[in-house]
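Dropping work.cif in here (mmCIF, C-alpha atoms):
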```cif
data_entry
loop_
_atom_site.label_atom_id
_atom_site.label_comp_id
_atom_site.auth_asym_id
_atom_site.auth_seq_id
_atom_site.Cartn_x
_atom_site.Cartn_y
_atom_site.Cartn_z
CA MET A 1 144.88 100.91 100.94
CA THR A 2 141.18 100.40 101.76
CA ASP A 3 138.83 102.76 103.55
CA THR A 4 138.66 100.36 106.51
CA THR A 5 142.46 100.43 106.81
CA LEU A 6 142.23 104.20 107.21
CA GLY A 7 139.49 103.79 109.79
CA ILE A 8 136.82 105.13 107.42
CA GLN A 9 133.60 103.15 107.31
CA PRO A 10 132.31 102.38 103.79
CA ALA A 11 129.20 104.31 102.82
CA GLU A 12 125.84 102.62 103.30
CA PRO A 13 124.12 101.62 100.04
CA ALA A 14 121.52 104.15 98.91
CA VAL A 15 119.03 101.31 98.39
CA LEU A 16 118.80 98.00 100.23
CA THR A 17 117.24 94.82 98.84
CA GLU A 18 116.04 91.87 100.88
CA LYS A 19 114.05 88.80 99.89
CA ARG A 20 111.42 87.89 102.47
CA GLY A 21 109.58 84.75 101.43
CA HIS A 22 108.10 85.41 98.00
CA ALA A 23 108.48 89.20 98.38
CA MET A 24 111.45 91.35 97.37
CA TRP A 25 111.76 94.40 99.63
CA VAL A 26 113.44 97.43 98.06
CA THR A 27 114.27 100.05 100.71
CA ILE A 28 115.51 103.58 100.04
CA ASN A 29 118.30 104.03 102.58
CA ARG A 30 119.05 107.75 102.96
CA PRO A 31 117.10 108.61 106.13
CA ASP A 32 119.49 111.46 106.99
CA LYS A 33 118.51 113.08 103.65
CA ARG A 34 114.79 112.30 104.07
CA ASN A 35 115.34 109.51 101.52
CA ALA A 36 115.71 112.06 98.73
CA ILE A 37 116.28 110.79 95.22
CA ASN A 38 119.73 110.95 93.64
CA LYS A 39 121.44 108.87 90.97
CA ASP A 40 122.33 106.13 93.44
CA VAL A 41 118.72 105.82 94.59
CA VAL A 42 117.46 105.55 91.02
CA ALA A 43 120.13 102.97 90.17
CA GLY A 44 119.39 101.01 93.35
CA ILE A 45 115.64 100.88 92.73
CA ARG A 46 116.19 99.73 89.15
CA ASP A 47 118.60 97.06 90.36
CA GLY A 48 116.12 95.88 92.98
CA TRP A 49 113.38 95.45 90.39
CA ARG A 50 115.77 93.61 88.08
CA GLN A 51 116.77 91.24 90.88
CA ALA A 52 113.11 90.55 91.59
CA GLN A 53 112.24 90.02 87.94
CA ALA A 54 115.13 87.57 87.50
CA ASP A 55 114.14 85.47 90.54
CA LYS A 56 111.31 83.09 89.62
CA ASP A 57 110.51 82.65 93.32
CA VAL A 58 109.64 86.32 93.78
CA ARG A 59 105.95 87.16 93.34
CA VAL A 60 105.71 90.75 94.61
CA VAL A 61 107.99 93.79 95.11
CA VAL A 62 107.59 96.09 98.12
CA LEU A 63 109.05 99.60 97.89
CA THR A 64 109.62 101.43 101.17
CA ALA A 65 112.19 103.59 102.97
CA ALA A 66 114.42 103.53 106.01
CA GLY A 67 113.63 105.53 109.11
CA GLU A 68 110.31 106.85 110.36
CA LYS A 69 110.18 110.44 109.08
CA ALA A 70 110.18 110.17 105.29
CA PHE A 71 109.33 107.76 102.51
CA CYS A 72 110.85 110.17 99.99
CA ALA A 73 111.06 113.96 100.08
CA GLY A 74 111.60 114.17 96.31
CA GLY A 75 114.74 114.96 94.38
CA ASP A 76 117.92 115.76 96.27
CA LEU A 77 118.28 119.55 95.99
CA GLN A 78 121.93 119.64 97.06
CA PRO A 79 124.14 121.08 94.26
CA GLY A 80 124.94 118.37 91.73
CA ALA A 81 122.97 115.71 93.61
CA GLY A 82 119.59 115.58 91.95
CA PHE A 83 118.96 118.17 89.26
CA SER A 84 121.97 117.91 87.00
CA PHE A 85 120.90 116.93 83.49
CA ASP A 86 122.95 115.90 80.47
CA LEU A 87 120.93 117.67 77.81
CA SER A 88 122.74 115.77 75.05
CA GLN A 89 120.83 112.66 76.17
CA PRO A 90 117.13 112.27 75.32
CA ASN A 91 116.42 110.12 78.38
CA ILE A 92 116.62 110.98 82.09
CA ASP A 93 117.50 108.29 84.63
CA TYR A 94 114.40 108.89 86.77
CA ALA A 95 112.16 108.59 83.70
CA ASP A 96 113.93 105.39 82.63
CA MET A 97 113.27 103.98 86.10
CA LEU A 98 109.56 104.76 85.76
CA ARG A 99 109.51 103.08 82.35
CA GLU A 100 111.29 99.99 83.64
CA VAL A 101 109.02 99.53 86.65
CA GLN A 102 105.89 100.14 84.58
CA ASN A 103 106.96 97.36 82.21
CA SER A 104 107.65 94.89 85.03
CA THR A 105 105.28 91.93 85.20
CA LEU A 106 105.54 91.62 88.99
CA PRO A 107 102.88 93.20 91.22
CA SER A 108 104.28 95.94 93.44
CA ILE A 109 103.31 97.68 96.67
CA ALA A 110 104.47 101.03 98.03
CA ARG A 111 104.71 101.07 101.84
CA ILE A 112 104.58 104.78 102.71
CA ASN A 113 106.04 105.25 106.18
CA GLY A 114 106.65 109.01 106.18
CA VAL A 115 106.58 112.26 104.20
CA CYS A 116 106.03 111.67 100.47
CA MET A 117 106.71 114.67 98.26
CA ALA A 118 107.44 115.56 94.62
CA GLY A 119 109.40 112.74 92.97
CA GLY A 120 108.45 110.51 95.90
CA ILE A 121 104.88 110.62 94.62
CA GLY A 122 106.23 109.40 91.29
CA LEU A 123 107.71 106.39 93.11
CA LEU A 124 104.32 105.81 94.72
CA CYS A 125 102.51 106.10 91.38
CA MET A 126 104.81 103.64 89.61
CA THR A 127 103.71 100.82 91.93
CA ASP A 128 100.43 98.92 91.58
CA MET A 129 99.16 99.41 95.13
CA ALA A 130 99.99 101.67 98.06
CA ILE A 131 99.56 101.61 101.83
CA ALA A 132 100.33 104.65 103.98
CA ALA A 133 100.48 105.48 107.66
CA ASP A 134 97.73 107.92 108.62
CA HIS A 135 100.14 110.66 109.73
CA VAL A 136 101.88 110.93 106.34
CA GLN A 137 101.84 114.25 104.50
CA PHE A 138 101.93 114.30 100.70
CA GLY A 139 102.59 117.10 98.27
CA LEU A 140 103.78 118.29 94.87
CA PRO A 141 105.57 121.51 95.87
CA GLU A 142 107.71 121.89 92.73
CA VAL A 143 106.06 125.18 91.73
CA LYS A 144 107.46 126.73 94.91
CA ILE A 145 111.00 126.40 93.52
CA GLY A 146 110.19 127.18 89.89
CA LEU A 147 109.75 123.60 88.72
CA PHE A 148 106.79 121.35 87.88
CA PRO A 149 106.10 117.63 88.52
CA MET A 150 106.50 116.80 84.84
CA GLN A 151 107.49 113.13 85.02
CA VAL A 152 105.24 112.44 88.02
CA LEU A 153 102.31 113.83 86.04
CA SER A 154 102.70 111.15 83.35
CA LEU A 155 101.57 108.53 85.90
CA LEU A 156 99.56 110.61 88.37
CA GLN A 157 96.98 111.77 85.83
CA ALA A 158 95.97 108.17 85.13
CA ILE A 159 95.30 107.50 88.84
CA VAL A 160 93.75 110.65 90.31
CA PRO A 161 90.81 112.72 88.94
CA ARG A 162 91.95 115.55 86.67
CA ARG A 163 90.75 118.49 88.76
CA THR A 164 92.42 117.11 91.87
CA VAL A 165 95.66 116.59 89.96
CA ARG A 166 95.56 120.18 88.77
CA GLU A 167 94.98 121.54 92.26
CA TRP A 168 97.84 119.46 93.69
CA CYS A 169 100.26 120.43 90.91
CA LEU A 170 99.33 124.08 90.44
CA ALA A 171 98.84 125.06 94.09
CA GLY A 172 101.73 122.95 95.37
CA GLU A 173 100.28 122.66 98.87
CA PRO A 174 100.49 119.56 101.09
CA PHE A 175 97.61 117.13 101.58
CA SER A 176 96.89 114.37 104.06
CA ALA A 177 96.86 110.60 103.75
CA ALA A 178 93.08 110.67 104.09
CA GLU A 179 92.83 113.09 101.14
CA ALA A 180 95.25 110.94 99.12
CA LYS A 181 93.11 107.85 99.69
CA GLU A 182 89.89 109.69 98.86
CA ALA A 183 91.45 110.79 95.56
CA GLY A 184 92.48 107.21 94.70
CA LEU A 185 96.23 107.65 95.22
CA LEU A 186 96.28 105.08 98.05
CA ASN A 187 94.60 101.73 98.59
CA HIS A 188 94.78 101.74 102.38
CA VAL A 189 95.54 104.17 105.22
CA VAL A 190 96.28 102.71 108.65
CA PRO A 191 97.70 103.82 112.00
CA THR A 192 101.49 103.78 112.00
CA ALA A 193 101.55 100.82 114.38
CA ASP A 194 99.54 98.77 111.87
CA LEU A 195 101.56 99.63 108.75
CA ASP A 196 103.69 96.48 108.72
CA ALA A 197 100.76 94.17 109.45
CA LYS A 198 98.64 95.72 106.70
CA THR A 199 101.52 95.52 104.22
CA GLN A 200 102.02 91.84 105.05
CA TRP A 201 98.26 91.27 104.74
CA LEU A 202 98.37 92.57 101.18
CA ILE A 203 101.55 90.63 100.35
CA ASP A 204 99.88 87.43 101.56
CA ARG A 205 96.83 88.07 99.37
CA LEU A 206 99.08 88.35 96.31
CA VAL A 207 101.57 85.53 96.87
CA SER A 208 98.78 83.01 97.41
CA LYS A 209 97.59 83.53 93.83
CA SER A 210 98.87 82.09 90.55
CA PRO A 211 102.20 83.72 89.61
CA THR A 212 101.42 83.05 85.96
CA ALA A 213 98.03 84.76 86.16
CA LEU A 214 99.56 87.77 87.95
CA ARG A 215 102.43 88.04 85.47
CA ARG A 216 100.29 87.72 82.35
CA GLY A 217 97.60 89.89 83.90
CA LYS A 218 100.03 92.74 84.54
CA TYR A 219 101.36 92.39 81.01
CA ALA A 220 97.80 92.68 79.66
CA MET A 221 96.89 95.68 81.84
CA ARG A 222 99.99 97.54 80.64
CA ALA A 223 99.19 96.80 77.00
CA LEU A 224 95.51 97.71 77.35
CA SER A 225 96.28 101.16 78.76
CA SER A 226 97.04 102.50 75.28
CA MET A 227 94.40 100.59 73.30
CA SER A 228 90.91 101.45 72.14
CA PHE A 229 88.06 99.12 73.13
CA ASP A 230 88.14 97.30 69.79
CA GLU A 231 91.91 96.84 69.97
CA GLY A 232 91.70 95.78 73.60
CA ILE A 233 88.95 93.22 73.20
CA ALA A 234 90.78 91.61 70.28
CA PHE A 235 94.00 91.50 72.28
CA THR A 236 92.35 89.99 75.35
CA GLU A 237 90.59 87.32 73.28
CA SER A 238 93.98 85.89 72.40
CA GLN A 239 95.40 86.43 75.90
CA ILE A 240 92.68 84.46 77.71
CA ALA A 241 93.13 81.56 75.29
CA LEU A 242 96.89 81.50 75.94
CA LEU A 243 96.43 81.78 79.70
CA ALA A 244 94.00 78.85 79.73
CA MET A 245 96.74 76.61 78.32
CA THR A 246 99.26 77.31 81.13
CA GLU A 247 100.08 74.81 83.88
CA ASP A 248 98.78 77.19 86.55
CA ALA A 249 95.39 77.45 84.84
CA LYS A 250 95.14 73.67 84.63
CA GLU A 251 96.17 73.35 88.29
CA GLY A 252 93.66 76.00 89.30
CA LEU A 253 90.81 74.15 87.64
CA ALA A 254 91.95 70.80 89.08
CA SER A 255 92.22 72.20 92.61
CA PHE A 256 88.74 73.72 92.32
CA THR A 257 87.28 70.41 91.17
CA GLU A 258 89.14 68.46 93.86
CA LYS A 259 88.30 71.01 96.58
CA ARG A 260 91.91 71.58 97.64
CA LYS A 261 94.42 74.42 97.69
CA PRO A 262 96.27 74.89 94.40
CA VAL A 263 99.99 74.21 94.17
CA TRP A 264 101.31 76.87 91.82
CA THR A 265 104.38 76.29 89.67
CA GLY A 266 104.32 79.68 87.96
CA ARG A 267 104.23 78.03 84.54
#
```
Can the structure in the file be given as structure tokens, please?
Amino acid sequence: MTDTTLGIQPAEPAVLTEKRGHAMWVTINRPDKRNAINKDVVAGIRDGWRQAQADKDVRVVVLTAAGEKAFCAGGDLQPGAGFSFDLSQPNIDYADMLREVQNSTLPSIARINGVCMAGGIGLLCMTDMAIAADHVQFGLPEVKIGLFPMQVLSLLQAIVPRRTVREWCLAGEPFSAAEAKEAGLLNHVVPTADLDAKTQWLIDRLVSKSPTALRRGKYAMRALSSMSFDEGIAFTESQIALLAMTEDAKEGLASFTEKRKPVWTGR
């Protein structure tokens, strides 16, 4: 006997995915829980990125959340919902999600529509670019409940100046969207009414470019992050030579010479 037979509506998915043109939208769908992270949210985000990566027509991933109040309030603090760890396993699901997204070769945008706290900042940091509404409050309040933003820190410290990171993590107090942008955490801050338009503006700037160049460029940026200058310059010497041989590079040069818009094949 199904749930619908009993008159019980099936639960809404914790994460929704929708392809809009060349963009894959991944939406956290727990507005009644301030879009807090649980196992289903982590699994849904990972699945959304995998769908996008497998679809050759997708050129950008947008991560956002349902409702108007919260992008993500952090980990679900309900008993057994967010902070239950199997200590026999060396990996944690949330950390594996961060690894997977970091290794994706698709550009990604975080659309921050509401409160962004704790693990929500980790979701923000794992994307390439971020746009927030000007009313949004941010924070890393883990120290207030005896925890620390350990996994968030692994990405945050590469984006925001060290002293600012330390103040945010050690004091645990909220900060504004304007402060987040000034520190380099956000690319753009706009009035709430303009959030969708600004997100689409950035999507359009990305999808009009060579998918091959974006994909290989993201791969190179990820590899370079752990290399010395000498290692990096040797690596990029080979990468630019390979990129120049792709169909998109040849099309780009031809379109420039012929004074027309390029027709990208992503090859």
| field | Result set, the PyMOL selection byres ((chain A and resi 133-140) around 6) on current file, as a list in words | value | Asn113, Gly114, Val115, Cys116, Met117, Ala118, Ala132, Pro141, Glu142, Cys169, Gly172, Pro174, Phe175, Ser176, Ala177, Val189, Val190, Pro191 and Thr192 of chain A
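Reported to one decimal place, the separation of atom CA of A:Val61 from atom CA of A:Met129 is 10.5 Å.
Atom CA of A:Cys125 to atom CA of A:Ile92 spans 17.6 Å [interatomic distance, one decimal].
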| task | Run through the PyMOL selection byres ((chain A and resi 20) around 12) on the given coordinates and return the selected residues as an NGL selection string. | result | :A and (17-19 or 21-26 or 52 or 57-62 or 200 or 203-204 or 207)
| field | Close residues, A:Tyr94 itself excluded, 9 Å, only C-alpha atoms, min 6 positions apart in chain, as a ChimeraX atom specification | value | /A:37-39,42-43,119,151
| message | Between atom CA of A:Asp40 and atom CA of A:Ala14, what distance in Å does the model show, to one decimal? | response | 5.9 Å
| Looking at all atoms listed in the file, which of A:Ala220, A:Leu98, A:Lys56, A:Val15 is the one that sits closest to A:Ala234? |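 Of all the options, A:Ala220 lies closest to A:Ala234.
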| query | Which of these residues is nearest to A:Thr127, using all atoms listed in the file: A:Ala171, A:Ala183, A:Ile159, A:Leu63? | reply | A:Leu63
| query | From the set A:Ala110, A:Arg216, A:Ala73, A:Asp93, which residue has the shortest atom-to-atom contact distance to A:Thr27, counting only C-alpha atoms? | reply |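 The answer is A:Ala110, which sits nearest to A:Thr27.
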| said: Using all atoms listed in the file, list the residues that have an atom at most 9 Å from (101.6, 78.9, 94.8), coordinates as in the file, as number ranges by chain. | reply: A: 207-211, 248, 261-266
Could you name the residues that touch A:Asn35 at 8 Å or less, counting only C-alpha atoms, but leaving out those on the same chain fewer than 4 positions away, as a CSV table (one decimal) with C-alpha atoms, in the coordinates of the input?
```
chain,number,residue,atom,x,y,z
A,28,ILE,CA,115.5,103.6,100.0
A,29,ASN,CA,118.3,104.0,102.6
A,30,ARG,CA,119.0,107.8,103.0
A,31,PRO,CA,117.1,108.6,106.1
A,65,ALA,CA,112.2,103.6,103.0
A,66,ALA,CA,114.4,103.5,106.0
A,70,ALA,CA,110.2,110.2,105.3
A,71,PHE,CA,109.3,107.8,102.5
A,72,CYS,CA,110.8,110.2,100.0
A,73,ALA,CA,111.1,114.0,100.1
A,74,GLY,CA,111.6,114.2,96.3
```
| With distances taken over all atoms listed in the file, which of A:Gly146, A:Pro13, A:Pro107, A:Gly75 is nearest to A:Arg34? |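 Residue with the minimum atom-to-atom distance to A:Arg34: A:Gly75.
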| Counting all atoms listed in the file, the option among A:Ile233, A:Leu123, A:Ala197, A:Ile109 closest to A:Met221 |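 Among A:Ile233, A:Leu123, A:Ala197, A:Ile109, it is A:Ile233 that comes nearest to A:Met221.
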| said: Just checking: using all atoms listed in the file, which residue out of A:Leu224, A:Met126, A:Ala249, A:Ala193 ends up closest to A:Val101? | reply: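 Checking each candidate against A:Val101, we get A:Met126 as the closest.
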Output as AutoDock Vina command-line options the centre and edge lengths (Å, one decimal) of the box along x, y and z of the file that holds every listed atom of stretch 257-266 of chain A after adding 4 Å on each side.
```
--center_x 95.8 --center_y 74.1 --center_z 92.8 --size_x 25.1 --size_y 19.2 --size_z 17.7
```
